[in-house]
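Q: Before I ask anything, let me first share the structure, which is written out below as structure tokens.
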Amino acid sequence: MDIGELWKTPHLSASSIGKYIDCSLMYRFSKIDKLKPEITSDALIFGSAIHFVVSLINQGRKVGSLLGLSDIYQSFEEQWTAAVNRTENLRYSKGNTFDSLLAQGKNMLKAYVESGLDEGFKVISIEEPFRFTIPGLAVPIIGITDLIEEDNSGTVIITDYKTRNKAYSENDIDTDMQLTLYQMAIKASEYRDREIMLRFIALIKTKTPKVEHYWTTRTELDEKRLAKKAIQVWDGIQKGVFIPNDGHWKCTNCGYKTACEAWSQPDLEAANG
């Protein structure tokens, strides 16, 4: 399955559903108008660089040849450097620099390796694209799972990796839409008859990096609720319903502030006229 080709066709994903729910006007600017963001947060490309190296580590697990720390450090430095060099309008968060994040990334990956990689699980796939349909939704749901494993009993374990500034709360874990969607994707695959467990592995950006494992499950009601959300989101997109969510926490580092301000100007001019 070529995820590049799938992205080119009408679809929804966990990120697009979440973006529309967070701020449907931001969704329009990024997904429909395809505006370039005015700024890109360092957290975005930092997380992507960490994800890339974690996938390399898991590739080594799959073939029985674990990467050494020196190779892990080199891979991260190459990814981080390339990401910074190609990113326009990169904004570092307060206290962050290229070098500080380079050091932090290496320390986080060291903590991940030292937390224990071989839990007796068999690696089935890494960065696996998926596509499935929801009854009543006119477009498919697509995405990529970070890691799929199985244990000795045949239970399928779906893991999503996150880089975070702090630990997850219980509510964060139990309500996360992405894990629900991953479970739905697995149930639409050849693993539909297997027991399923869901997991976050969070690499946390504390002064001394921590690695936390969070296990959870999803019910049929969780799946139905997400399906209904997806249908309503697509309906809103097709009807052109795009409303700014003023005051949302993402407003602070939004890359579309100028476009958002300009969005209201015709109405203001009409009112003043």
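Residues are referred to by chain and number: the chain letter is A, B, ... according to the order shown in the structure tokens, the number counts from 1 in that chain, and ligands are numbered separately from 1 in the order shown.
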Set the distance at 12 Å and use only C-alpha atoms: which residues neighbour Ser15 in chain A once local chain neighbours fewer than 4 positions away are removed? I'd like the list as a list in words.
A: His11, Lys19, Tyr20, Ile21, Asp22, Cys23, Tyr27, Ser30, Lys31, Ile141, Ile142, Gly143, Ile144, Asp176, Met177, Gln178, Leu179, Leu181 and Ala230 of chain A
Q: List the spatial neighbours of Leu25 in chain A as a list in words - criterion: any atom at most 8 Å away, only C-alpha atoms, same-chain residues fewer than 2 positions off excluded.
A: Tyr20, Cys23, Tyr27, Arg28, Phe29, Phe242, Ile243, Pro244, Asn245 and Cys260 of chain A
Q: Just the helix (DSSP H, G or I) stuff from range 75-243 of chain A, please, per backbone DSSP, written as a PyMOL selection string.
A: chain A and resi 75-86+98-114+170-175+177-187+220-238
Q: Hey, what's within 9 Å of range 111-124 of chain A if we count only C-alpha atoms and toss same-chain stuff fewer than 6 positions away? As JSON, numbers by chain, please?
A: {"A": [54, 57, 58, 59, 61, 62, 69, 147, 148, 149, 150, 151, 152, 157, 203, 208, 209, 210, 211, 212]}
Q: Those residues you just picked out, can you put them in a file as a PDB file, in the first residue's frame with N, CA and C atoms?
A:
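File written: out.pdb
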ATOM      1  N   VAL A  54      13.465   6.007  16.125  1.00  0.00           N
ATOM      2  CA  VAL A  54      12.801   4.895  16.817  1.00  0.00           C
ATOM      3  C   VAL A  54      12.405   3.815  15.804  1.00  0.00           C
ATOM      4  N   ILE A  57      15.393   1.778  15.069  1.00  0.00           N
ATOM      5  CA  ILE A  57      15.667   0.866  16.178  1.00  0.00           C
ATOM      6  C   ILE A  57      14.764  -0.360  16.077  1.00  0.00           C
ATOM      7  N   ASN A  58      13.499  -0.133  15.771  1.00  0.00           N
ATOM      8  CA  ASN A  58      12.557  -1.256  15.653  1.00  0.00           C
ATOM      9  C   ASN A  58      12.839  -2.119  14.430  1.00  0.00           C
ATOM     10  N   GLN A  59      13.338  -1.501  13.360  1.00  0.00           N
ATOM     11  CA  GLN A  59      13.759  -2.300  12.207  1.00  0.00           C
ATOM     12  C   GLN A  59      14.865  -3.255  12.601  1.00  0.00           C
ATOM     13  N   ARG A  61      15.335  -4.457  15.621  1.00  0.00           N
ATOM     14  CA  ARG A  61      14.687  -5.505  16.424  1.00  0.00           C
ATOM     15  C   ARG A  61      14.067  -6.568  15.526  1.00  0.00           C
ATOM     16  N   LYS A  62      13.434  -6.123  14.454  1.00  0.00           N
ATOM     17  CA  LYS A  62      12.713  -7.057  13.586  1.00  0.00           C
ATOM     18  C   LYS A  62      13.652  -8.055  12.923  1.00  0.00           C
ATOM     19  N   LEU A  69      24.379   2.563  20.318  1.00  0.00           N
ATOM     20  CA  LEU A  69      24.088   3.953  20.657  1.00  0.00           C
ATOM     21  C   LEU A  69      24.777   4.938  19.717  1.00  0.00           C
ATOM     22  N   LEU A 147       3.999   0.995  15.201  1.00  0.00           N
ATOM     23  CA  LEU A 147       4.547  -0.335  15.472  1.00  0.00           C
ATOM     24  C   LEU A 147       3.410  -1.304  15.774  1.00  0.00           C
ATOM     25  N   ILE A 148       3.461  -2.475  15.144  1.00  0.00           N
ATOM     26  CA  ILE A 148       2.520  -3.562  15.451  1.00  0.00           C
ATOM     27  C   ILE A 148       3.342  -4.784  15.837  1.00  0.00           C
ATOM     28  N   GLU A 149       3.002  -5.356  17.004  1.00  0.00           N
ATOM     29  CA  GLU A 149       3.687  -6.541  17.505  1.00  0.00           C
ATOM     30  C   GLU A 149       2.648  -7.594  17.895  1.00  0.00           C
ATOM     31  N   GLU A 150       3.132  -8.772  18.262  1.00  0.00           N
ATOM     32  CA  GLU A 150       2.256  -9.786  18.851  1.00  0.00           C
ATOM     33  C   GLU A 150       2.994 -10.482  19.976  1.00  0.00           C
ATOM     34  N   ASP A 151       2.236 -10.906  20.982  1.00  0.00           N
ATOM     35  CA  ASP A 151       2.854 -11.636  22.080  1.00  0.00           C
ATOM     36  C   ASP A 151       2.702 -13.141  21.862  1.00  0.00           C
ATOM     37  N   ASN A 152       3.140 -13.923  22.828  1.00  0.00           N
ATOM     38  CA  ASN A 152       3.135 -15.383  22.670  1.00  0.00           C
ATOM     39  C   ASN A 152       1.734 -15.972  22.546  1.00  0.00           C
ATOM     40  N   ILE A 157      -0.495  -6.073  19.487  1.00  0.00           N
ATOM     41  CA  ILE A 157      -0.175  -4.892  20.285  1.00  0.00           C
ATOM     42  C   ILE A 157       0.145  -3.749  19.332  1.00  0.00           C
ATOM     43  N   LEU A 203       8.204   9.371  25.163  1.00  0.00           N
ATOM     44  CA  LEU A 203       9.543   9.836  25.495  1.00  0.00           C
ATOM     45  C   LEU A 203       9.379  11.261  26.011  1.00  0.00           C
ATOM     46  N   THR A 208      16.014  15.009  33.153  1.00  0.00           N
ATOM     47  CA  THR A 208      16.492  13.638  32.945  1.00  0.00           C
ATOM     48  C   THR A 208      15.375  12.908  32.219  1.00  0.00           C
ATOM     49  N   PRO A 209      15.537  12.621  30.917  1.00  0.00           N
ATOM     50  CA  PRO A 209      14.440  12.061  30.125  1.00  0.00           C
ATOM     51  C   PRO A 209      13.863  10.782  30.731  1.00  0.00           C
ATOM     52  N   LYS A 210      12.553  10.638  30.592  1.00  0.00           N
ATOM     53  CA  LYS A 210      11.849   9.451  31.069  1.00  0.00           C
ATOM     54  C   LYS A 210      11.134   8.781  29.908  1.00  0.00           C
ATOM     55  N   VAL A 211      10.914   7.492  30.021  1.00  0.00           N
ATOM     56  CA  VAL A 211      10.138   6.733  29.037  1.00  0.00           C
ATOM     57  C   VAL A 211       9.002   6.051  29.786  1.00  0.00           C
ATOM     58  N   GLU A 212       7.781   6.383  29.393  1.00  0.00           N
ATOM     59  CA  GLU A 212       6.608   5.836  30.069  1.00  0.00           C
ATOM     60  C   GLU A 212       5.798   4.983  29.086  1.00  0.00           C
TER      61      GLU A 212
END
Q: Compare A:Thr175, A:Thr258, A:Thr81, A:Asn96 by their minimum atom-to-atom distance to Glu223 in chain A, counting only C-alpha atoms, and give me the closest one.
A: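 Closest to Glu223 in chain A, using only C-alpha atoms: A:Thr175.
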Q: When you draw a straight line from CA of Trp7 in chain A to CA of Gln232 in chain A, how long is it in Å?
A: 20.5 Å
Q: Just checking: using only C-alpha atoms, which residue out of A:Ser55, A:Gln104, A:Thr40, A:Ser169 ends up closest to Arg91 in chain A?
A: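 Smallest separation from Arg91 in chain A among the options: A:Thr40.
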Q: Could you jot down the CA of Ser75 in chain A to CA of Tyr92 in chain A separation for me, Å, one decimal place?
A: 21.5 Å
Q: Determine, counting only C-alpha atoms, which protein, DNA and RNA residues have an atom within 12 Å of an atom of Lys94 in chain A; residues of the same chain fewer than 3 positions away are not included. Present the result as a PyMOL selection string.
A: chain A and resi 41-43+91+97+100-101
Q: Near Leu102 in chain A, within 8 Å and counting only C-alpha atoms, which residues show up once chain neighbours fewer than 2 positions away are dropped, as a PyMOL selection string?
A: chain A and resi 76-77+80+98-100+104-106
Q: Could the residues in this selection be saved with N, CA, C and O atoms as a compact mmCIF listing (two decimals), in the first residue's frame?
A:
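Final output, saved to again10.txt:
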# COMPACT_ATOMS: atom_id res chain seq x y z
N PHE A 76 20.13 10.29 14.57
CA PHE A 76 19.32 11.41 15.06
C PHE A 76 19.94 12.73 14.65
O PHE A 76 19.22 13.66 14.21
N GLU A 77 21.24 12.86 14.78
CA GLU A 77 21.89 14.12 14.40
C GLU A 77 21.67 14.43 12.93
O GLU A 77 21.40 15.57 12.55
N TRP A 80 17.86 15.39 12.54
CA TRP A 80 17.58 16.69 13.15
C TRP A 80 18.18 17.82 12.33
O TRP A 80 17.53 18.84 12.04
N PHE A 98 19.20 24.82 18.60
CA PHE A 98 19.55 23.64 17.81
C PHE A 98 20.36 22.66 18.65
O PHE A 98 20.07 21.46 18.70
N ASP A 99 21.38 23.17 19.32
CA ASP A 99 22.28 22.31 20.07
C ASP A 99 21.61 21.70 21.30
O ASP A 99 21.86 20.53 21.63
N SER A 100 20.77 22.48 21.98
CA SER A 100 20.13 21.94 23.18
C SER A 100 19.16 20.81 22.82
O SER A 100 19.07 19.80 23.53
N GLN A 104 19.25 16.92 23.81
CA GLN A 104 18.07 16.34 24.44
C GLN A 104 17.58 15.12 23.68
O GLN A 104 17.20 14.10 24.29
N GLY A 105 17.57 15.20 22.36
CA GLY A 105 17.12 14.07 21.56
C GLY A 105 17.98 12.83 21.78
O GLY A 105 17.47 11.71 21.92
N LYS A 106 19.29 13.02 21.84
CA LYS A 106 20.18 11.88 22.08
C LYS A 106 19.93 11.28 23.46
O LYS A 106 19.91 10.05 23.62
Q: I'd like to know which residues of range 63-169 of chain A are strand (DSSP E or B) (by DSSP, run on the backbone); could you write them as a PyMOL selection string?
A: chain A and resi 90-91+122-132+141-150+156-164
Q: What is the distance, in Å and to one decimal place, between CA of Ile196 in chain A and CA of Asp146 in chain A?
A: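 Pair CA of Ile196 in chain A / CA of Asp146 in chain A returns 15.2 Å.
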Q: Nearest to Asp71 in chain A: which of A:Lys205, A:Arg131, A:His248, A:Lys110 is it, counting only C-alpha atoms?
A: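 Going through A:Lys205, A:Arg131, A:His248, A:Lys110 one by one, the smallest distance to Asp71 in chain A is for A:Lys110.
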Q: May I have the residues within 8 Å of Trp215 in chain A as a list in words, using only C-alpha atoms and disregarding those fewer than 6 positions away in the same chain?
A: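 Residues meeting the cut-off are Met197, Leu198, Arg199 and Phe200 of chain A.
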Q: Those same residues - N, CA and C atoms - I'd like them written as a PDB file, in the first residue's frame.
A:
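Final output, saved to again-v7.pdb:
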ATOM      1  N   MET A 197      -4.442  -5.040  22.041  1.00  0.00           N
ATOM      2  CA  MET A 197      -4.040  -4.138  23.113  1.00  0.00           C
ATOM      3  C   MET A 197      -3.416  -2.894  22.490  1.00  0.00           C
ATOM      4  N   LEU A 198      -3.666  -1.757  23.126  1.00  0.00           N
ATOM      5  CA  LEU A 198      -3.174  -0.482  22.625  1.00  0.00           C
ATOM      6  C   LEU A 198      -2.184   0.116  23.615  1.00  0.00           C
ATOM      7  N   ARG A 199      -1.175   0.789  23.087  1.00  0.00           N
ATOM      8  CA  ARG A 199      -0.142   1.314  23.974  1.00  0.00           C
ATOM      9  C   ARG A 199       0.453   2.611  23.427  1.00  0.00           C
ATOM     10  N   PHE A 200       0.670   3.563  24.311  1.00  0.00           N
ATOM     11  CA  PHE A 200       1.540   4.700  24.046  1.00  0.00           C
ATOM     12  C   PHE A 200       2.897   4.413  24.667  1.00  0.00           C
TER      13      PHE A 200
END
